[in-house]
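A.B. asks: The structure file work-v3.txt (compact mmCIF, C-alpha atoms) is provided below.
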```
# COMPACT_ATOMS: atom_id res chain seq x y z
CA MET L 1 -8.59 -8.85 0.00
CA SER L 2 -6.63 -5.86 1.29
CA GLY L 3 -4.90 -6.06 4.66
CA GLY L 4 -7.29 -3.64 6.35
CA LEU L 5 -10.33 -5.69 5.35
CA ALA L 6 -8.65 -8.93 6.42
CA ILE L 7 -7.85 -7.44 9.83
CA GLN L 8 -11.35 -6.05 10.32
CA GLU L 9 -13.00 -9.34 9.32
CA PHE L 10 -10.70 -11.19 11.71
CA LEU L 11 -11.64 -8.87 14.57
CA GLU L 12 -15.35 -9.20 13.84
CA ALA L 13 -15.07 -12.99 13.96
CA TYR L 14 -12.77 -13.02 16.99
CA ILE L 15 -14.44 -10.52 19.33
CA PRO L 16 -17.98 -11.34 20.51
CA GLY L 17 -20.56 -8.58 20.31
CA PRO L 18 -20.01 -5.15 18.71
CA THR L 19 -16.53 -4.92 17.22
CA PRO L 20 -14.48 -1.70 17.20
CA ARG L 21 -13.48 -0.58 13.74
CA LEU L 22 -9.95 0.18 12.71
CA PRO L 23 -9.26 3.84 11.94
CA GLY L 24 -10.85 4.43 8.55
CA ARG L 25 -9.37 7.85 7.83
CA THR L 26 -5.67 8.07 8.51
CA PHE L 27 -2.76 9.99 7.05
CA VAL L 28 -1.02 7.23 5.09
CA LEU L 29 2.78 7.35 5.24
CA ASP L 30 3.14 6.02 1.71
CA ARG L 31 6.61 7.37 0.89
CA PRO L 32 9.96 6.63 2.56
CA GLY L 33 11.10 9.57 4.66
CA LEU L 34 7.67 11.13 5.06
CA ALA L 35 7.45 10.05 8.71
CA ARG L 36 10.86 11.56 9.40
CA MET L 37 9.88 14.86 7.83
CA MET L 38 6.70 14.98 9.91
CA SER L 39 8.48 14.23 13.20
CA VAL L 40 9.72 17.80 13.77
CA PRO L 41 7.98 21.15 13.19
CA ALA L 42 8.42 22.84 9.84
CA ALA L 43 9.73 26.08 11.37
CA SER L 44 11.88 24.74 14.22
CA ASP L 45 14.29 21.93 14.99
CA GLN L 46 12.64 20.18 17.91
CA PHE L 47 9.39 18.62 19.03
CA VAL L 48 8.87 17.84 22.70
CA SER L 49 5.90 16.01 24.21
CA SER L 50 5.30 14.03 27.39
CA LEU L 51 6.38 10.84 25.58
CA VAL L 52 9.12 11.75 23.11
CA SER L 53 11.55 14.47 22.10
CA SER L 54 12.67 14.73 18.48
CA TYR L 55 15.49 16.97 17.26
CA ARG L 56 16.61 17.88 13.76
CA THR L 57 20.39 17.45 13.49
CA ALA L 58 23.00 17.82 10.79
CA GLN L 59 22.98 14.04 10.32
CA GLY L 60 19.19 13.60 10.26
CA VAL L 61 16.79 13.31 13.22
CA LEU L 62 17.34 12.23 16.83
CA HIS L 63 14.34 10.63 18.55
CA ASN L 64 14.52 10.28 22.31
CA PRO L 65 11.54 8.50 23.95
CA VAL L 66 10.93 9.30 27.61
CA LYS L 67 11.57 5.61 28.38
CA ASP L 68 14.65 4.10 26.73
CA ARG L 69 14.81 0.86 28.71
CA ARG L 70 12.01 -1.53 29.56
CA THR L 71 11.66 -4.74 31.53
CA THR L 72 9.80 -7.69 30.06
CA GLN L 73 8.17 -8.65 33.35
CA GLY L 74 4.39 -8.54 33.08
CA VAL L 75 4.53 -7.00 29.59
CA PHE L 76 3.29 -9.77 27.31
CA HIS L 77 -0.47 -10.39 27.33
CA VAL L 78 -2.35 -12.71 24.96
CA ALA L 79 -6.08 -12.70 24.27
CA GLU L 80 -7.92 -15.94 24.87
CA GLY L 81 -9.95 -17.50 22.08
CA GLY L 82 -7.11 -18.19 19.65
CA TYR L 83 -4.02 -20.35 20.05
CA PRO L 84 -3.37 -21.54 23.63
CA VAL L 85 -1.86 -18.86 25.86
CA PRO L 86 1.64 -19.88 27.04
CA ALA L 87 2.06 -20.23 30.80
CA ASP L 88 4.60 -17.40 30.94
CA LYS L 89 2.17 -14.92 29.31
CA ARG L 90 -0.86 -13.24 30.86
CA ALA L 91 -4.20 -14.51 29.56
CA VAL L 92 -6.68 -11.75 28.68
CA PRO L 93 -10.43 -12.46 28.31
CA VAL L 94 -11.41 -11.83 24.71
CA GLU L 95 -14.12 -9.36 25.76
CA VAL L 96 -11.49 -7.34 27.63
CA PHE L 97 -9.30 -7.35 24.52
CA GLY L 98 -12.24 -5.91 22.60
CA ARG L 99 -12.60 -3.06 25.11
CA LEU L 100 -8.85 -2.37 25.00
CA LEU L 101 -9.07 -2.23 21.21
CA ALA L 102 -12.02 0.18 21.38
CA ALA L 103 -9.97 2.51 23.59
CA ALA L 104 -6.85 2.11 21.44
CA VAL L 105 -8.52 3.43 18.29
CA GLU L 106 -9.84 6.49 20.16
CA PRO L 107 -6.69 8.19 21.48
CA PRO L 108 -6.89 11.50 23.38
CA ALA L 109 -6.51 14.66 21.32
CA GLU L 110 -3.10 15.55 22.76
CA LEU L 111 -1.64 12.31 21.38
CA CYS L 112 -2.91 13.10 17.90
CA VAL L 113 -0.98 16.36 17.40
CA VAL L 114 1.11 16.26 14.21
CA PRO L 115 4.64 17.35 15.18
CA TYR L 116 5.13 19.04 11.80
CA THR L 117 2.30 21.44 12.70
CA ALA L 118 3.01 21.69 16.45
CA ASP L 119 4.17 25.32 16.22
CA GLN L 120 1.00 26.47 14.47
CA PRO L 121 -1.82 28.21 16.39
CA GLU L 122 -4.12 25.26 15.62
CA PRO L 123 -1.99 22.16 15.03
CA ALA L 124 -3.42 19.31 12.99
CA ARG L 125 -4.60 16.23 14.89
CA LEU L 126 -4.99 12.86 13.24
CA MET L 127 -4.05 9.18 13.14
CA LEU L 128 -1.22 7.84 11.00
CA SER L 129 -0.82 4.50 9.26
CA LEU L 130 2.15 2.73 7.71
CA LEU L 131 2.33 -0.42 5.60
CA LEU L 132 5.26 -2.80 6.03
CA ARG L 133 6.06 -5.79 3.80
CA PRO L 134 8.82 -7.54 5.76
CA LEU L 135 10.64 -10.50 4.29
CA VAL L 136 9.69 -13.88 5.76
CA SER L 137 11.35 -16.32 3.37
CA PRO L 138 14.11 -15.28 0.92
CA ALA L 139 14.31 -16.58 -2.63
CA ASN L 140 16.04 -19.96 -2.71
CA GLY L 141 16.73 -20.54 -6.39
CA ARG L 142 13.52 -22.47 -6.91
CA ASP L 143 10.88 -20.34 -5.19
CA GLY L 144 10.67 -16.57 -5.04
CA GLU L 145 10.82 -14.56 -1.84
CA LYS L 146 7.80 -14.50 0.46
CA ARG L 147 6.64 -11.49 2.46
CA MET L 148 3.85 -10.82 4.93
CA GLU L 149 2.01 -7.54 5.37
CA ILE L 150 1.77 -5.46 8.55
CA ARG L 151 -0.32 -2.34 9.10
CA PHE L 152 0.86 0.09 11.79
CA PHE L 153 -1.52 2.64 13.30
CA ALA L 154 -0.43 5.40 15.67
CA PRO L 155 -1.60 8.79 16.91
CA ALA L 156 0.39 11.44 15.06
CA SER L 157 2.58 12.53 17.97
CA LEU L 158 4.18 9.06 17.84
CA VAL L 159 5.29 9.41 14.23
CA SER L 160 8.86 8.90 15.46
CA ASN L 161 8.02 5.24 16.18
CA LEU L 162 6.86 4.77 12.60
CA ASP L 163 9.99 6.50 11.32
CA PHE L 164 12.02 4.02 13.34
CA VAL L 165 10.33 0.84 12.06
CA GLU L 166 10.23 2.16 8.49
CA THR L 167 13.98 2.72 8.56
CA ILE L 168 14.52 -0.90 9.64
CA PHE L 169 11.87 -2.76 7.64
CA GLY L 170 11.12 -0.44 4.73
CA ASN L 171 7.96 1.27 3.46
CA GLY L 172 5.33 -0.84 1.71
CA GLY L 173 3.69 2.14 0.00
CA ASP L 174 0.01 3.02 -0.20
CA PRO L 175 -2.01 -0.05 0.89
CA PHE L 176 -5.00 1.12 -1.16
CA LEU L 177 -3.18 0.82 -4.49
CA PRO L 178 -3.50 -2.53 -6.31
CA GLU L 179 0.27 -2.85 -6.81
CA ASN L 180 0.73 -2.83 -3.02
CA ASP L 181 -2.12 -5.22 -2.22
CA ALA L 182 -0.50 -8.38 -0.85
CA ALA L 183 -3.56 -10.48 -1.69
CA LEU L 184 -3.00 -9.75 -5.38
CA ASP L 185 0.65 -10.83 -5.17
CA VAL L 186 -0.03 -14.53 -4.75
CA HIS L 187 3.50 -15.63 -5.63
CA HIS L 188 5.21 -13.48 -2.99
CA TRP L 189 2.71 -13.20 -0.11
CA THR L 190 2.83 -15.68 2.75
CA GLY L 191 -0.92 -15.28 3.27
CA HIS L 192 -0.47 -13.70 6.69
CA THR L 193 -1.42 -10.24 7.90
CA GLY L 194 -0.32 -8.33 10.97
CA CYS L 195 -1.57 -5.19 12.66
CA VAL L 196 0.07 -3.05 15.36
CA ILE L 197 -1.70 -0.17 17.12
CA LEU L 198 0.29 2.17 19.36
CA ALA L 199 -1.85 3.25 22.32
CA PRO L 200 0.14 4.42 25.36
CA HIS L 201 -3.02 5.86 26.91
CA LEU L 202 -4.26 2.33 27.68
CA THR L 203 -2.16 2.30 30.85
CA GLY L 204 -4.72 4.68 32.41
CA LEU L 205 -7.69 2.31 32.10
CA ARG L 206 -9.22 0.73 35.18
CA LYS L 207 -9.71 -3.02 35.46
CA VAL L 208 -13.31 -2.65 36.51
CA ASP L 209 -14.11 -0.51 33.44
CA LEU L 210 -12.61 -3.18 31.17
CA GLY L 211 -14.94 -5.79 32.61
CA LEU L 212 -12.41 -7.82 34.59
CA PRO L 213 -13.95 -9.74 37.49
CA HIS L 214 -13.62 -9.05 41.20
CA TYR L 215 -10.95 -11.11 42.93
CA ASP L 216 -13.57 -13.25 44.67
CA GLU L 217 -15.13 -14.20 41.32
CA ALA L 218 -11.87 -14.71 39.39
CA THR L 219 -10.33 -18.00 38.34
CA GLU L 220 -6.98 -19.15 39.72
CA ARG L 221 -5.19 -18.08 36.55
CA GLN L 222 -6.88 -14.68 36.50
CA ARG L 223 -5.69 -14.11 40.05
CA ARG L 224 -2.17 -15.19 39.09
CA ASP L 225 -2.13 -12.98 35.99
CA GLY L 226 -3.63 -9.96 37.71
CA MET L 227 -6.77 -10.12 35.55
CA CYS L 228 -9.04 -9.19 38.46
CA TRP L 229 -9.41 -6.44 41.04
CA LYS L 230 -9.98 -5.87 44.73
CA GLU L 231 -10.30 -2.07 44.66
CA GLU L 232 -12.27 -0.28 41.94
CA ASP L 233 -9.47 2.21 41.24
CA GLU L 234 -6.95 -0.50 40.27
CA LEU L 235 -5.41 0.17 36.85
CA TYR L 236 -4.95 -2.52 34.23
CA ASN L 237 -1.45 -4.01 34.55
CA LEU L 238 -0.93 -1.67 37.53
CA GLY L 239 -0.63 1.23 35.09
CA SER L 240 2.57 -0.16 33.56
CA ALA L 241 3.43 -0.61 29.89
CA PHE L 242 2.20 -3.78 28.16
CA LYS L 243 1.31 -5.23 24.80
CA VAL L 244 -1.62 -7.52 24.16
CA THR L 245 -2.01 -9.78 21.14
CA ALA L 246 -4.87 -11.65 19.48
CA ARG L 247 -4.02 -14.29 16.87
CA ASP L 248 -5.27 -17.62 15.58
CA HIS L 249 -5.04 -20.16 12.75
CA ARG L 250 -6.38 -17.70 10.17
CA GLY L 251 -2.96 -16.09 10.02
CA VAL L 252 -3.96 -12.65 11.31
CA MET L 253 -2.23 -11.13 14.34
CA VAL L 254 -3.37 -7.89 16.00
CA THR L 255 -1.25 -6.30 18.74
CA LEU L 256 -1.92 -3.26 20.90
CA ILE L 257 1.19 -1.66 22.41
CA ALA L 258 0.50 0.50 25.45
CA ASP L 259 3.81 2.34 25.23
CA ASN L 260 6.00 4.23 22.77
CA TYR L 261 9.23 2.39 23.58
CA PHE L 262 10.98 1.85 20.23
CA GLY L 263 12.15 -1.65 21.13
CA TYR L 264 8.60 -2.93 21.50
CA CYS L 265 7.75 -1.80 17.97
CA LYS L 266 10.78 -3.44 16.41
CA LYS L 267 10.39 -6.65 18.38
CA GLU L 268 6.69 -6.85 17.57
CA VAL L 269 7.43 -6.79 13.84
CA LYS L 270 9.96 -9.58 14.34
CA THR L 271 7.44 -11.52 16.44
CA GLN L 272 4.89 -11.25 13.65
CA ILE L 273 7.50 -12.38 11.13
CA SER L 274 8.08 -15.43 13.35
CA PHE L 275 4.33 -16.02 13.48
CA SER L 276 4.17 -16.00 9.69
CA ALA L 277 7.25 -18.21 9.35
CA ASN L 278 5.81 -20.79 11.76
CA LEU L 279 2.51 -20.95 9.88
CA ALA L 280 4.11 -20.98 6.43
CA GLY L 281 6.72 -23.61 7.22
CA MET L 282 10.06 -24.23 5.50
CA CYS L 283 11.46 -20.98 6.93
CA GLU L 284 12.33 -19.43 10.26
CA GLU L 285 13.00 -15.99 11.70
CA GLU L 286 16.08 -15.47 13.84
CA HIS L 287 15.82 -12.95 16.67
CA ALA L 288 19.55 -12.58 17.27
CA GLY L 289 21.98 -10.75 15.02
CA ASP L 290 21.34 -8.80 11.85
CA VAL L 291 18.85 -10.05 9.29
CA ARG L 292 19.30 -8.91 5.72
CA GLY L 293 16.90 -9.47 2.86
CA ALA L 294 15.85 -7.71 -0.34
CA GLY L 295 17.93 -4.69 0.53
CA LEU L 296 16.17 -4.14 3.88
CA ARG L 297 17.98 -4.42 7.15
CA ALA L 298 15.96 -5.92 9.98
CA GLY L 299 18.31 -4.58 12.60
CA ALA L 300 18.02 -6.97 15.53
CA GLY L 301 21.14 -5.37 16.97
CA VAL L 302 19.56 -1.93 17.09
CA SER L 303 18.75 -0.78 20.59
CA GLY L 304 15.18 0.08 21.47
CA GLY L 305 16.15 3.32 23.16
CA SER L 306 16.91 6.67 21.62
CA ALA L 307 17.86 6.43 17.96
CA SER L 308 19.66 8.78 15.63
CA ILE L 309 18.31 8.28 12.13
CA ALA L 310 20.59 9.63 9.44
CA GLU L 311 19.37 10.95 6.12
CA GLY L 312 20.77 7.92 4.33
CA GLY L 313 18.53 5.64 6.37
CA GLU L 314 21.08 4.23 8.82
CA VAL L 315 19.83 3.67 12.36
CA ARG L 316 22.31 4.47 15.10
CA ALA L 317 21.45 3.23 18.59
CA GLY L 318 21.48 5.74 21.37
CA PHE L 319 23.22 3.27 23.72
CA GLY L 320 24.78 -0.17 23.50
CA GLY L 321 23.10 -3.52 23.89
CA ALA L 322 20.89 -5.78 21.87
CA GLY L 323 17.33 -4.62 21.30
```
Would you mind writing the file out in structure tokens?

C.D. replies:
Amino acid sequence: MSGGLAIQEFLEAYIPGPTPRLPGRTFVLDRPGLARMMSVPAASDQFVSSLVSSYRTAQGVLHNPVKDRRTTQGVFHVAEGGYPVPADKRAVPVEVFGRLLAAAVEPPAELCVVPYTADQPEPARLMLSLLLRPLVSPANGRDGEKRMEIRFFAPASLVSNLDFVETIFGNGGDPFLPENDAALDVHHWTGHTGCVILAPHLTGLRKVDLGLPHYDEATERQRRDGMCWKEEDELYNLGSAFKVTARDHRGVMVTLIADNYFGYCKKEVKTQISFSANLAGMCEEEHAGDVRGAGLRAGAGVSGGSASIAEGGEVRAGFGGAG
């Protein structure tokens, strides 16, 4: 079963009632470097939006998100209905996760502008997708390497985020070709599938529209986690960036990231690698230091802020500090 089908079947089983469908028609970034080429207009050297500025340079491309530092306070939300939600994370009713997902896969038109066509009278607007096959367990002399699969979806104006994660974790090719179908590679697939959807517009949704209860009807934990409202105009998570995850024993993990901060994308891939390693056993994923495997550099030391991506594929952090 291909990753897209596995994710959709997981969502249909996980979310009660009508289930939003993953984007069915996307521009697939199936070749290394394609995301980088699309991140700036064909006829000029810069693309500027409300969320990111990208510049063509002699060394490659410089991506500068509007936010290059983020706090972790109040960021991590986990949908109920799967594994127990840790006490330090915010518990999200599964029905609310379903409504967040429905909004995530329907981004506003301005987010879908393809930077490569931004200078044209009628720029193209679409969704992008990228397949990653990050290493979970290296070959050990007896068993071959094991990899999971992760599908990234993003509105086209955030192609710089996909360029960033591709440079770190590699490009898994066209997910619709048999040679790239993890389910057909039984000797090298961990059996786990991840999905990440970039949706910064989710910060504008109101709690009441997502179906969260009034404060007087909320449980103690919902009050503690802010999963309720007193005024109808209250925004989810107070309008701040967040990411919300649904995952369970079936080995599928779906995360919505309501931001375009590069660090969240990189760390989410590493989190999903950890998820796969924990379920597979006999391996672990280390979040500190550089991780090398199969020629791909999982750059844990790369900052999540602005990044200069050279033509040779090296990622240079825009400022110091661990990401």

A.B. asks: Take atom CA of L:Gln272 and atom CA of L:Val94 and report the distance between them in Å, one decimal.

C.D. replies: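 Going from atom CA of L:Gln272 over to atom CA of L:Val94, I get 19.7 Å.
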
A.B. asks: Using Å and a single decimal, report how far atom CA of L:Asp185 sits from atom CA of L:Val252.

C.D. replies: 17.2 Å

A.B. asks: What is the atom CA of L:Trp189-atom CA of L:Leu132 distance in Å, reported with one decimal?

C.D. replies: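 Calculated distance between atom CA of L:Trp189 and atom CA of L:Leu132 is 12.3 Å.
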
A.B. asks: My list of candidates is L:Thr26, L:Phe97, L:Ala35, L:Asn64. Which is closest to L:Arg125 when distances are computed with all atoms listed in the file?

C.D. replies: L:Thr26

A.B. asks: Report as CSV: every residue of stretch 119-198 of chain L with an atom at most 7 Å from stretch 260-271 of chain L, its closest pair of atoms, and their distance in Å to one decimal, counting all atoms listed in the file, with rows sorted by chain and ascending residue number.

C.D. replies:
```
residue,atom,partner,partner_atom,distance
L:Asn161,CA,L:Phe262,CA,6.1
L:Val165,CA,L:Lys266,CA,6.1
L:Leu198,CA,L:Asn260,CA,7.0
```

A.B. asks: For a quick check of your reading of the model, name the residues lying within 6 Å of the coordinate (0.0, -6.6, 8.8), counting all atoms listed in the file, and write them as an mmCIF file with C-alpha atoms, keeping the file's coordinate frame.

C.D. replies:
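Writing the result to part26.cif gives the following:
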```cif
data_model
loop_
_atom_site.group_PDB
_atom_site.id
_atom_site.type_symbol
_atom_site.label_atom_id
_atom_site.label_comp_id
_atom_site.auth_asym_id
_atom_site.auth_seq_id
_atom_site.Cartn_x
_atom_site.Cartn_y
_atom_site.Cartn_z
ATOM 1 C CA GLU L 149 2.010 -7.540 5.370
ATOM 2 C CA ILE L 150 1.770 -5.460 8.550
ATOM 3 C CA ARG L 151 -0.320 -2.340 9.100
ATOM 4 C CA THR L 193 -1.420 -10.240 7.900
ATOM 5 C CA GLY L 194 -0.320 -8.330 10.970
ATOM 6 C CA CYS L 195 -1.570 -5.190 12.660
#
```

A.B. asks: Counting all atoms listed in the file, which residue out of L:Ile15, L:Ala118, L:Leu131, L:Leu51 sits closest to L:Ala102?

C.D. replies: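 For L:Ala102, the nearest of the candidates is L:Ile15.
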
A.B. asks: Compile the contact shell of L:Arg247 as a PyMOL selection string: residues with an atom at most 8 Å away, counting only C-alpha atoms, same-chain residues fewer than 5 positions apart removed.

C.D. replies: chain L and resi 79+82-83+252-254

A.B. asks: If we count only C-alpha atoms, what is near L:Pro115 at a cut-off of 7 Å, once residues fewer than 2 positions away on the same chain are taken out, given as a list in words?

C.D. replies: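 That gives Met38, Ser39, Val40, Pro41, Phe47, Val113, Thr117, Ala118 and Ser157 of chain L.
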